[in-house]
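File shown: final.txt. Contents: compact mmCIF, C-alpha atoms and all ligand atoms.
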```txt
# COMPACT_ATOMS: atom_id res chain seq x y z
CA MET A 1 -40.75 -133.32 35.29
CA VAL A 2 -44.39 -133.52 36.49
CA GLU A 3 -45.42 -136.59 38.44
CA VAL A 4 -49.02 -137.12 39.49
CA ARG A 5 -49.61 -140.07 41.80
CA ASN A 6 -52.96 -141.45 42.77
CA LEU A 7 -54.59 -138.04 42.67
CA THR A 8 -58.09 -137.94 44.10
CA LYS A 9 -60.44 -135.01 44.71
CA ARG A 10 -63.84 -135.17 46.31
CA TYR A 11 -66.30 -132.29 46.40
CA GLY A 12 -68.59 -133.63 49.13
CA ALA A 13 -70.06 -136.80 47.69
CA ASN A 14 -68.88 -135.98 44.16
CA LEU A 15 -65.67 -137.77 43.18
CA ALA A 16 -64.26 -135.28 40.64
CA VAL A 17 -60.83 -136.92 40.26
CA ASP A 18 -60.46 -140.61 40.98
CA HIS A 19 -56.97 -142.01 41.63
CA VAL A 20 -55.30 -140.50 38.57
CA SER A 21 -51.59 -141.16 37.95
CA PHE A 22 -49.31 -140.03 35.14
CA GLU A 23 -45.84 -138.65 34.52
CA ILE A 24 -44.86 -135.98 32.07
CA GLU A 25 -41.33 -135.79 30.77
CA GLU A 26 -39.42 -132.58 30.35
CA GLY A 27 -39.89 -130.87 27.00
CA SER A 28 -43.07 -132.68 25.93
CA ILE A 29 -46.44 -131.23 24.91
CA VAL A 30 -49.16 -133.33 26.46
CA GLY A 31 -52.87 -133.02 25.86
CA PHE A 32 -55.19 -133.58 28.78
CA LEU A 33 -58.41 -134.49 27.05
CA GLY A 34 -61.88 -135.19 28.36
CA PRO A 35 -65.50 -134.13 27.99
CA ASN A 36 -66.97 -131.29 30.06
CA GLY A 37 -66.98 -132.15 33.74
CA ALA A 38 -64.39 -134.93 33.34
CA GLY A 39 -62.14 -133.43 36.01
CA LYS A 40 -59.56 -131.61 33.87
CA SER A 41 -59.71 -128.20 35.56
CA THR A 42 -59.73 -129.80 38.99
CA THR A 43 -56.57 -131.77 38.13
CA MET A 44 -54.87 -128.69 36.66
CA ASN A 45 -55.79 -126.66 39.72
CA ILE A 46 -54.26 -129.27 42.00
CA ILE A 47 -51.06 -129.52 39.93
CA THR A 48 -50.66 -125.76 40.09
CA GLY A 49 -51.31 -125.70 43.83
CA TYR A 50 -54.58 -123.70 43.66
CA LEU A 51 -56.59 -126.58 45.06
CA SER A 52 -55.65 -129.23 47.56
CA ALA A 53 -56.07 -132.92 46.78
CA THR A 54 -58.15 -135.24 48.92
CA GLU A 55 -55.57 -137.96 48.33
CA GLY A 56 -52.42 -138.48 46.28
CA SER A 57 -49.47 -136.30 45.41
CA VAL A 58 -48.03 -134.04 42.73
CA THR A 59 -44.35 -133.31 42.30
CA VAL A 60 -42.73 -130.95 39.83
CA SER A 61 -39.01 -131.48 39.28
CA GLY A 62 -39.04 -133.55 42.45
CA LYS A 63 -40.69 -130.81 44.57
CA ASN A 64 -43.96 -131.70 46.23
CA THR A 65 -46.85 -129.21 45.87
CA LEU A 66 -47.70 -129.58 49.54
CA GLU A 67 -44.17 -129.39 50.93
CA ASP A 68 -42.80 -126.70 48.59
CA PRO A 69 -45.88 -124.85 47.30
CA ASN A 70 -44.04 -121.62 46.45
CA GLU A 71 -41.21 -123.40 44.68
CA VAL A 72 -43.72 -125.42 42.61
CA LYS A 73 -45.73 -122.31 41.76
CA ARG A 74 -42.54 -120.65 40.52
CA MET A 75 -41.92 -123.56 38.17
CA ILE A 76 -45.40 -123.44 36.61
CA GLY A 77 -46.96 -120.85 34.36
CA TYR A 78 -50.72 -121.25 34.49
CA LEU A 79 -53.44 -120.05 32.18
CA PRO A 80 -56.68 -120.98 33.95
CA GLU A 81 -59.91 -121.45 32.03
CA GLN A 82 -60.87 -117.93 33.13
CA PRO A 83 -57.65 -115.90 32.66
CA PRO A 84 -56.98 -113.71 35.71
CA LEU A 85 -56.97 -110.43 33.81
CA TYR A 86 -57.48 -106.94 35.22
CA LEU A 87 -59.58 -105.25 32.62
CA ASP A 88 -58.94 -101.69 33.78
CA MET A 89 -55.16 -101.99 33.46
CA THR A 90 -53.18 -101.55 30.26
CA VAL A 91 -51.29 -104.59 29.03
CA LYS A 92 -48.10 -102.91 30.21
CA GLU A 93 -49.46 -102.20 33.70
CA TYR A 94 -50.88 -105.68 33.98
CA LEU A 95 -47.69 -107.52 32.97
CA ASN A 96 -45.60 -105.32 35.26
CA PHE A 97 -48.03 -106.11 38.06
CA VAL A 98 -47.74 -109.87 37.40
CA TYR A 99 -43.95 -109.53 37.29
CA GLU A 100 -43.97 -108.02 40.80
CA LEU A 101 -46.52 -110.54 42.05
CA LYS A 102 -44.39 -113.45 40.89
CA LYS A 103 -41.23 -111.81 42.23
CA ALA A 104 -39.56 -112.56 38.89
CA THR A 105 -35.82 -112.04 38.77
CA GLN A 106 -35.19 -111.55 35.05
CA PRO A 107 -34.28 -107.99 33.91
CA LYS A 108 -37.81 -106.57 33.96
CA GLU A 109 -38.14 -104.47 30.83
CA GLN A 110 -36.22 -106.86 28.63
CA HIS A 111 -38.13 -109.88 29.96
CA ILE A 112 -41.59 -108.36 29.44
CA LYS A 113 -40.58 -107.07 26.00
CA GLU A 114 -39.40 -110.52 24.89
CA ILE A 115 -42.63 -112.15 26.06
CA CYS A 116 -44.77 -109.53 24.30
CA GLU A 117 -42.89 -110.14 21.08
CA LEU A 118 -43.18 -113.90 21.46
CA VAL A 119 -46.95 -113.89 21.98
CA LYS A 120 -47.40 -110.98 19.56
CA ILE A 121 -49.00 -108.42 21.83
CA ASP A 122 -46.35 -105.70 21.49
CA ASN A 123 -48.76 -103.75 19.24
CA VAL A 124 -51.38 -103.50 22.01
CA TYR A 125 -48.93 -102.89 24.84
CA ASN A 126 -50.47 -99.58 25.91
CA ARG A 127 -54.11 -100.55 25.36
CA LEU A 128 -56.55 -101.33 28.16
CA VAL A 129 -56.92 -105.09 28.63
CA GLY A 130 -60.71 -104.67 28.81
CA ASN A 131 -60.79 -103.22 25.29
CA LEU A 132 -58.91 -106.09 23.64
CA SER A 133 -60.50 -108.78 21.50
CA LYS A 134 -60.95 -112.23 23.04
CA GLY A 135 -57.96 -113.54 21.06
CA TYR A 136 -55.69 -110.77 22.32
CA LYS A 137 -56.96 -111.23 25.88
CA GLN A 138 -56.00 -114.89 25.61
CA ARG A 139 -52.52 -113.91 24.44
CA VAL A 140 -52.19 -111.58 27.41
CA GLY A 141 -53.23 -114.54 29.57
CA ILE A 142 -50.47 -116.64 28.03
CA ALA A 143 -48.01 -113.74 28.49
CA GLN A 144 -48.73 -113.61 32.23
CA ALA A 145 -48.13 -117.36 32.42
CA LEU A 146 -44.72 -116.88 30.79
CA ILE A 147 -43.52 -114.22 33.21
CA GLY A 148 -40.68 -115.56 35.33
CA ASN A 149 -39.89 -118.06 32.54
CA PRO A 150 -41.36 -121.14 34.27
CA PRO A 151 -40.25 -124.48 32.77
CA VAL A 152 -43.81 -125.89 32.87
CA LEU A 153 -46.85 -124.30 31.23
CA ILE A 154 -50.37 -125.42 32.02
CA LEU A 155 -53.00 -124.10 29.67
CA ASP A 156 -56.65 -124.82 30.47
CA GLU A 157 -58.92 -124.67 27.42
CA PRO A 158 -56.82 -121.90 25.82
CA THR A 159 -58.89 -121.54 22.64
CA VAL A 160 -62.42 -121.54 24.07
CA GLY A 161 -64.48 -118.73 22.56
CA LEU A 162 -61.96 -117.81 19.87
CA ASP A 163 -62.74 -117.57 16.16
CA PRO A 164 -61.13 -120.08 13.76
CA LYS A 165 -58.28 -117.76 12.75
CA GLN A 166 -57.47 -116.95 16.38
CA ILE A 167 -57.62 -120.67 17.22
CA ILE A 168 -54.99 -121.47 14.59
CA GLU A 169 -52.78 -118.61 15.84
CA ILE A 170 -52.98 -119.71 19.48
CA ARG A 171 -52.30 -123.35 18.53
CA THR A 172 -49.22 -122.30 16.55
CA LEU A 173 -48.08 -120.21 19.49
CA ILE A 174 -48.50 -123.16 21.89
CA LYS A 175 -46.49 -125.40 19.57
CA ASN A 176 -43.70 -122.83 19.53
CA LEU A 177 -43.79 -122.55 23.32
CA GLY A 178 -43.35 -126.32 23.43
CA ARG A 179 -39.81 -125.91 22.13
CA ASN A 180 -38.67 -124.37 25.41
CA HIS A 181 -41.29 -125.52 27.90
CA THR A 182 -43.04 -128.63 29.09
CA VAL A 183 -46.66 -127.94 28.15
CA ILE A 184 -49.86 -129.48 29.50
CA LEU A 185 -52.82 -128.48 27.39
CA SER A 186 -56.24 -129.21 28.79
CA SER A 187 -59.04 -129.40 26.26
CA HIS A 188 -62.33 -131.09 25.44
CA ILE A 189 -61.63 -130.66 21.72
CA LEU A 190 -59.95 -133.68 20.17
CA PRO A 191 -58.68 -132.01 16.95
CA GLU A 192 -57.03 -129.35 19.07
CA VAL A 193 -55.10 -131.85 21.11
CA GLN A 194 -54.31 -133.86 17.98
CA ALA A 195 -52.95 -130.77 16.23
CA VAL A 196 -50.73 -129.64 19.06
CA CYS A 197 -49.77 -132.54 21.33
CA GLU A 198 -47.47 -135.50 20.91
CA ARG A 199 -49.09 -137.40 23.73
CA ILE A 200 -52.70 -137.60 24.89
CA ILE A 201 -54.04 -138.42 28.32
CA VAL A 202 -57.79 -139.04 28.28
CA ILE A 203 -59.85 -138.56 31.41
CA ASN A 204 -63.52 -139.42 31.86
CA ASN A 205 -65.64 -139.21 35.01
CA GLY A 206 -62.48 -138.36 36.94
CA ARG A 207 -60.64 -141.49 35.82
CA LEU A 208 -57.71 -141.88 33.47
CA VAL A 209 -59.00 -143.97 30.57
CA ALA A 210 -56.14 -143.74 28.04
CA ASP A 211 -52.58 -142.48 27.85
CA GLY A 212 -50.33 -142.77 24.83
CA ALA A 213 -48.63 -141.21 21.82
CA THR A 214 -51.04 -139.23 19.62
CA ASP A 215 -49.90 -141.08 16.50
CA THR A 216 -50.34 -144.60 17.82
CA LEU A 217 -52.97 -144.37 20.57
CA ALA A 218 -55.87 -145.36 18.32
CA HIS A 219 -53.94 -148.31 16.88
CA ASP A 220 -52.72 -149.44 20.29
CA LEU A 221 -56.18 -149.35 21.82
CA SER A 222 -58.03 -150.83 18.87
CA GLN A 223 -58.92 -154.37 19.80
CA ASP A 224 -59.48 -155.32 16.23
CA HIS A 225 -56.36 -155.44 14.02
CA ARG A 226 -57.78 -156.60 10.74
CA LEU A 227 -56.70 -155.68 7.26
CA ILE A 228 -59.24 -155.43 4.49
CA MET A 229 -57.58 -156.33 1.21
CA ARG A 230 -59.13 -156.08 -2.23
CA ALA A 231 -57.37 -158.40 -4.65
CA GLU A 232 -57.91 -159.67 -8.16
CA GLY A 233 -57.72 -163.42 -8.69
CA PRO A 234 -59.41 -166.72 -7.82
CA GLU A 235 -61.31 -166.29 -4.54
CA ARG A 236 -60.81 -169.82 -3.14
CA GLU A 237 -57.12 -170.06 -4.00
CA ILE A 238 -56.44 -166.68 -2.48
CA LEU A 239 -58.32 -167.68 0.68
CA HIS A 240 -56.29 -170.87 1.03
CA ALA A 241 -53.03 -169.02 0.51
CA LEU A 242 -53.97 -166.42 3.12
CA GLU A 243 -54.98 -169.10 5.62
CA ALA A 244 -51.59 -170.75 5.19
CA MET A 245 -49.72 -167.54 6.04
CA GLU A 246 -47.76 -167.48 9.27
CA ARG A 247 -49.08 -165.23 12.06
CA VAL A 248 -52.51 -164.97 10.41
CA VAL A 249 -55.29 -165.99 12.80
CA ASP A 250 -58.48 -165.44 10.83
CA VAL A 251 -59.34 -164.98 7.16
CA TYR A 252 -62.63 -164.71 5.32
CA SER A 253 -63.92 -163.34 2.06
CA LEU A 254 -66.32 -160.40 1.96
CA GLY A 255 -67.34 -161.31 -1.56
CA GLU A 256 -66.81 -159.96 -5.06
CA LYS A 257 -66.62 -156.16 -5.00
CA GLU A 258 -65.46 -155.46 -8.55
CA GLU A 259 -65.46 -157.80 -11.50
CA GLY A 260 -62.97 -160.57 -10.62
CA ALA A 261 -61.85 -158.75 -7.46
CA TYR A 262 -62.74 -159.79 -3.90
CA ASP A 263 -62.41 -158.20 -0.49
CA PHE A 264 -60.72 -160.34 2.16
CA SER A 265 -60.60 -159.74 5.88
CA VAL A 266 -57.20 -160.80 7.22
CA GLU A 267 -56.62 -160.78 10.95
CA SER A 268 -53.09 -161.18 12.30
CA ALA A 269 -51.85 -161.92 15.78
CA PRO A 270 -51.72 -158.77 17.96
CA ASP A 271 -48.71 -156.48 17.46
CA VAL A 272 -47.73 -158.18 14.19
CA ASP A 273 -47.51 -156.29 10.91
CA ILE A 274 -48.13 -158.70 8.06
CA ARG A 275 -48.48 -156.17 5.24
CA ARG A 276 -45.08 -156.88 3.66
CA ASP A 277 -45.56 -160.66 3.79
CA LEU A 278 -49.02 -160.18 2.35
CA PHE A 279 -47.66 -158.13 -0.51
CA ALA A 280 -44.95 -160.72 -1.23
CA LEU A 281 -47.46 -163.59 -1.22
CA MET A 282 -49.85 -161.87 -3.57
CA ALA A 283 -47.06 -160.72 -5.91
CA ARG A 284 -45.59 -164.25 -6.05
CA ASN A 285 -48.94 -165.58 -7.17
CA GLY A 286 -49.68 -162.81 -9.64
CA TRP A 287 -52.77 -161.62 -7.74
CA PRO A 288 -52.75 -157.80 -7.82
CA ILE A 289 -53.69 -156.01 -4.58
CA LEU A 290 -56.10 -153.23 -5.55
CA ALA A 291 -56.57 -151.78 -2.05
CA LEU A 292 -55.40 -152.42 1.49
CA LYS A 293 -56.68 -150.70 4.61
CA ASN A 294 -56.71 -151.45 8.31
CA THR A 295 -59.75 -151.42 10.55
CA ASP A 296 -58.19 -149.50 13.46
CA LEU A 297 -60.51 -147.07 15.16
CA THR A 298 -59.90 -143.43 14.39
CA LEU A 299 -58.85 -141.32 17.34
CA GLU A 300 -62.28 -139.75 17.23
CA ASP A 301 -64.04 -143.14 17.44
CA LEU A 302 -61.75 -144.04 20.29
CA PHE A 303 -62.39 -140.80 22.18
CA LEU A 304 -66.15 -141.26 21.83
CA GLN A 305 -65.87 -144.86 22.95
CA LEU A 306 -63.67 -144.02 25.94
CA THR A 307 -65.78 -141.12 27.11
CA SER A 308 -69.22 -142.63 26.79
CA THR A 309 -70.51 -142.75 30.36
CA ASP A 310 -70.39 -146.51 30.72
CA ALA A 311 -66.95 -146.82 29.09
CA PRO A 312 -64.68 -149.28 30.88
CA SER A 313 -61.46 -147.96 32.34
CA LYS A 314 -58.52 -148.73 30.10
CA ALA A 315 -55.01 -147.28 30.00
CA GLY A 316 -52.74 -147.19 26.96
CA ASP A 317 -49.01 -147.62 26.61
CA GLY A 318 -48.01 -144.29 28.15
CA LYS A 319 -46.49 -143.53 31.49
CA GLY A 320 -49.77 -143.43 33.44
CA GLU A 321 -51.20 -146.14 35.51
CA ASP A 322 -54.74 -146.20 36.72
N1 LIG B 401 -65.98 -126.17 43.49
C1 LIG B 401 -66.68 -127.25 43.16
N2 LIG B 401 -67.60 -127.76 44.01
C2 LIG B 401 -68.30 -128.87 43.70
N3 LIG B 401 -68.15 -129.58 42.57
C3 LIG B 401 -67.25 -129.13 41.69
C4 LIG B 401 -66.46 -127.95 41.93
N4 LIG B 401 -65.64 -127.77 40.88
C5 LIG B 401 -65.88 -128.78 40.00
N5 LIG B 401 -66.85 -129.59 40.48
C6 LIG B 401 -67.36 -130.82 39.85
O1 LIG B 401 -66.27 -131.68 39.63
C7 LIG B 401 -66.37 -132.35 38.37
C8 LIG B 401 -65.15 -132.05 37.53
O2 LIG B 401 -65.15 -130.67 37.18
P1 LIG B 401 -63.98 -129.98 36.36
O3 LIG B 401 -64.29 -128.53 36.27
O4 LIG B 401 -62.67 -130.37 36.94
O5 LIG B 401 -64.14 -130.68 34.96
P2 LIG B 401 -63.54 -130.25 33.55
O6 LIG B 401 -63.12 -131.52 32.90
O7 LIG B 401 -62.54 -129.19 33.71
O8 LIG B 401 -64.82 -129.70 32.82
P3 LIG B 401 -64.99 -128.37 31.92
O9 LIG B 401 -64.32 -128.67 30.64
O10 LIG B 401 -66.48 -128.28 31.80
O11 LIG B 401 -64.37 -127.26 32.70
C9 LIG B 401 -67.68 -131.87 37.78
O12 LIG B 401 -68.66 -132.81 38.11
C10 LIG B 401 -67.95 -130.57 38.47
O13 LIG B 401 -69.33 -130.31 38.54
```

Can you turn what I pasted into structure tokens?
Ligand SMILES: Nc1ncnc2c1ncn2[C@@H]1O[C@H](COP(=O)(O)OP(=O)(O)OP(=O)(O)O)[C@@H](O)[C@H]1O
Amino acid sequence: MVEVRNLTKRYGANLAVDHVSFEIEEGSIVGFLGPNGAGKSTTMNIITGYLSATEGSVTVSGKNTLEDPNEVKRMIGYLPEQPPLYLDMTVKEYLNFVYELKKATQPKEQHIKEICELVKIDNVYNRLVGNLSKGYKQRVGIAQALIGNPPVLILDEPTVGLDPKQIIEIRTLIKNLGRNHTVILSSHILPEVQAVCERIIVINNGRLVADGATDTLAHDLSQDHRLIMRAEGPEREILHALEAMERVVDVYSLGEKEEGAYDFSVESAPDVDIRRDLFALMARNGWPILALKNTDLTLEDLFLQLTSTDAPSKAGDGKGED
């Protein structure tokens, strides 16, 4: 649906986006995550055709932003970081104005009415945009992005400046929009991306540093796949039995943690899940497992690690390549 290849943007000597590549499939909600200044807005602005790239290409449904700029713009609904609102218009005037600007073809009244109901602004339809709360302004911004029913929605920091209740409402709205649209959500807030997106692309200093499924990214990028097991029984015998297990590469005891119970660090070969075998071994020997946890990084640890300034470039298992 959206294909970004080798995208590079220089502002003079400043390399804001550095050879970024990724693909986004139709119908997915993807988070574009990175700290302030990482290059998110620049990338979004290039995808939407508001900025030109120094190098590289963007295609949307096979149409190139340079060769078919109008066609691409029609396929994308964009909520920039600063929503392009006219404060002295009513919501009705503003959405009608956007409808004309986009040369939308849907039956006008019906189309605008449906969008207002969807983003829940029908109750402020005749109010001046300038008098609305920040949360309602943001909804109006999302409404303008939806006019013309574009298949792709790009939302740049959509919850910045909102209160916690408004944040939850906008996140729920974005999730709902994801049912009928391909959504790219740019954010520097990890919990936001985690709550809404099924895939996360992490960018730092203009470079793609991770790309993968939200649920498995931390596990996939954790270099250390150890299990910490607390078990009751004879320390030495347990150690020997663990060492003899297939696909186990390193075992050691962390000492007695409760009376008669020891913690063991058990490292398996990469991409191997030994938990069931471990359970069977311990059960066979009558050594109760009291606790079992893995040492994967949390997504938050990973994000901090990836976006520290000297972080090495590293891509996950997603579609992107660096
Ligand atoms: N018009 C511009 N001229 C010069 N440098 C720019 C311009 N726009 C952005 N930059 C620089 O490019 C880099 C990336 O900025 P960008 O706004 O894309 O980052 P971002 O990830 O969206 O950050 P934020 O979350 O703070 O908006 C930054 O170093 C920024 O200072």

Find the residues near ligand LIG 401 (chain B). Use a cut-off of 9 Å, count all atoms listed in the file, and write them as JSON, numbers by chain. {"A": [9, 10, 11, 12, 14, 15, 16, 17, 33, 34, 35, 36, 37, 38, 39, 40, 41, 42, 43, 44, 45, 81, 156, 157, 186, 187, 188, 203, 204, 205, 206]}

Excluding stretch 256-267 of chain A and any residue of its chain fewer than 2 positions from it, enumerate the residues within 9 Å of it, using all atoms listed in the file, and give them as a list in words. Asp224, His225, Arg226, Leu227, Ile228, Met229, Arg230, Ala231, Glu232, Gly233, Pro234, Glu235, Ile238, Leu239, Leu242, Glu243, Arg247, Val248, Val249, Asp250, Val251, Tyr252, Ser253, Leu254, Ala269, Pro270, Leu290 and Ala291 of chain A

Can you write out the residues you just picked, keeping C-alpha atoms, as an mmCIF file, in the coordinates of the input?
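Output file part-v3.cif follows:
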```cif
data_model
loop_
_atom_site.group_PDB
_atom_site.id
_atom_site.type_symbol
_atom_site.label_atom_id
_atom_site.label_comp_id
_atom_site.auth_asym_id
_atom_site.auth_seq_id
_atom_site.Cartn_x
_atom_site.Cartn_y
_atom_site.Cartn_z
ATOM 1 C CA ASP A 224 -59.480 -155.320 16.230
ATOM 2 C CA HIS A 225 -56.360 -155.440 14.020
ATOM 3 C CA ARG A 226 -57.780 -156.600 10.740
ATOM 4 C CA LEU A 227 -56.700 -155.680 7.260
ATOM 5 C CA ILE A 228 -59.240 -155.430 4.490
ATOM 6 C CA MET A 229 -57.580 -156.330 1.210
ATOM 7 C CA ARG A 230 -59.130 -156.080 -2.230
ATOM 8 C CA ALA A 231 -57.370 -158.400 -4.650
ATOM 9 C CA GLU A 232 -57.910 -159.670 -8.160
ATOM 10 C CA GLY A 233 -57.720 -163.420 -8.690
ATOM 11 C CA PRO A 234 -59.410 -166.720 -7.820
ATOM 12 C CA GLU A 235 -61.310 -166.290 -4.540
ATOM 13 C CA ILE A 238 -56.440 -166.680 -2.480
ATOM 14 C CA LEU A 239 -58.320 -167.680 0.680
ATOM 15 C CA LEU A 242 -53.970 -166.420 3.120
ATOM 16 C CA GLU A 243 -54.980 -169.100 5.620
ATOM 17 C CA ARG A 247 -49.080 -165.230 12.060
ATOM 18 C CA VAL A 248 -52.510 -164.970 10.410
ATOM 19 C CA VAL A 249 -55.290 -165.990 12.800
ATOM 20 C CA ASP A 250 -58.480 -165.440 10.830
ATOM 21 C CA VAL A 251 -59.340 -164.980 7.160
ATOM 22 C CA TYR A 252 -62.630 -164.710 5.320
ATOM 23 C CA SER A 253 -63.920 -163.340 2.060
ATOM 24 C CA LEU A 254 -66.320 -160.400 1.960
ATOM 25 C CA ALA A 269 -51.850 -161.920 15.780
ATOM 26 C CA PRO A 270 -51.720 -158.770 17.960
ATOM 27 C CA LEU A 290 -56.100 -153.230 -5.550
ATOM 28 C CA ALA A 291 -56.570 -151.780 -2.050
#
```

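Counting all atoms listed in the file and comparing A:Leu217, A:Val152, A:Leu128, A:Val119, the residue that lies closest to A:Ser61 is A:Val152.
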
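Distance check against A:Gln110 using only C-alpha atoms: of A:Ile167, A:Gly148, A:Ala210, A:Asn126, the minimum falls on A:Gly148.
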
Write out as a ChimeraX atom specification each polymer residue whose atoms come within 7 Å of A:Ile76, counting all atoms listed in the file; drop sequence neighbours fewer than 2 positions from it. /A:48,72-74,78,150-153

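Among the candidate residues A:Ser133, A:Thr105, A:Thr295, A:Ser21, the one lying nearest to A:Thr59 is A:Ser21, with distances computed using only C-alpha atoms.
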
For each of A:Glu23, A:Glu300, A:Leu66, A:Asp163, take the minimum atom-to-atom distance to A:Leu190, counting all atoms listed in the file, then give the residue where this is smallest.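 Residue with the minimum atom-to-atom distance to A:Leu190: A:Glu300.
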
Hey, what's within 10 Å of A:Val30 if we count all atoms listed in the file and toss same-chain stuff fewer than 6 positions away? As a PyMOL selection string, please? chain A and resi 24+154+178+182-186+193-194+196-201+211-214

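Closest to A:Phe32 among A:Ile189, A:Leu306, A:Ile170, A:Leu299 is A:Ile189, based on all atoms listed in the file.
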
Shell of 12 Å around A:Glu93, all atoms listed in the file, local chain residues under 6 positions omitted, as an NGL selection string: :A and (85-87 or 99-100 or 109 or 112 or 124-129 or 140 or 144)

Selected residues written out, C-alpha atoms, as a compact mmCIF listing (two decimals), in the coordinates of the input:
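File written: out_38.txt
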```txt
# COMPACT_ATOMS: atom_id res chain seq x y z
CA LEU A 85 -56.97 -110.43 33.81
CA TYR A 86 -57.48 -106.94 35.22
CA LEU A 87 -59.58 -105.25 32.62
CA TYR A 99 -43.95 -109.53 37.29
CA GLU A 100 -43.97 -108.02 40.80
CA GLU A 109 -38.14 -104.47 30.83
CA ILE A 112 -41.59 -108.36 29.44
CA VAL A 124 -51.38 -103.50 22.01
CA TYR A 125 -48.93 -102.89 24.84
CA ASN A 126 -50.47 -99.58 25.91
CA ARG A 127 -54.11 -100.55 25.36
CA LEU A 128 -56.55 -101.33 28.16
CA VAL A 129 -56.92 -105.09 28.63
CA VAL A 140 -52.19 -111.58 27.41
CA GLN A 144 -48.73 -113.61 32.23
```

Residue nearest A:Pro191 - candidates A:Phe303, A:Met1, A:Lys137, A:Ile115, atoms counted: all atoms listed in the file: A:Phe303

Please return as a list of chain:residue names every residue within 7 Å of (-37.3, -112.6, 35.4), taking into account only C-alpha atoms and the file's own coordinates.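 Checked against the point, the hits come out as A:Ala104, A:Thr105, A:Gln106, A:Pro107, A:Lys108, A:His111, A:Ile147, A:Gly148, A:Asn149.
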
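Separating atom CA of A:Thr90 from atom CA of A:Arg171 is a distance of 24.8 Å.
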
Could you check how far atom CA of A:Leu95 sits from atom CA of A:Glu192, in Å to one decimal?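 Distance reported for this atom pair: 27.5 Å.
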
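Atom CA of A:Val58 is found 7.2 Å from atom CA of A:Val2.
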
Take the point (-48.6, -152.2, -2.9) as written in the file and pick out every residue within 12 Å of it, counting all atoms listed in the file; give the list as a tab-separated table (two decimals) with C-alpha atoms, in the coordinates of the input.
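Listed below is the output, out_36.tsv:
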```tsv
chain	number	residue	atom	x	y	z
A	229	MET	CA	-57.58	-156.33	1.21
A	230	ARG	CA	-59.13	-156.08	-2.23
A	231	ALA	CA	-57.37	-158.40	-4.65
A	275	ARG	CA	-48.48	-156.17	5.24
A	276	ARG	CA	-45.08	-156.88	3.66
A	277	ASP	CA	-45.56	-160.66	3.79
A	278	LEU	CA	-49.02	-160.18	2.35
A	279	PHE	CA	-47.66	-158.13	-0.51
A	280	ALA	CA	-44.95	-160.72	-1.23
A	281	LEU	CA	-47.46	-163.59	-1.22
A	282	MET	CA	-49.85	-161.87	-3.57
A	283	ALA	CA	-47.06	-160.72	-5.91
A	287	TRP	CA	-52.77	-161.62	-7.74
A	288	PRO	CA	-52.75	-157.80	-7.82
A	289	ILE	CA	-53.69	-156.01	-4.58
A	290	LEU	CA	-56.10	-153.23	-5.55
A	291	ALA	CA	-56.57	-151.78	-2.05
A	292	LEU	CA	-55.40	-152.42	1.49
A	293	LYS	CA	-56.68	-150.70	4.61
```

Within 8 Å of A:Asp122 using only C-alpha atoms, minus same-chain residues under 4 positions, as a ChimeraX atom specification: /A:113,116-117

Please determine an axis-aligned box that encloses all atoms of stretch 133-148 of chain A listed in the file, with 8 Å added on each side, and express its centre and edge lengths in Å to one decimal as lines of an AutoDock Vina configuration file.
```
center_x = -50.8
center_y = -113.1
center_z = 28.2
size_x = 36.3
size_y = 24.6
size_z = 30.3
```
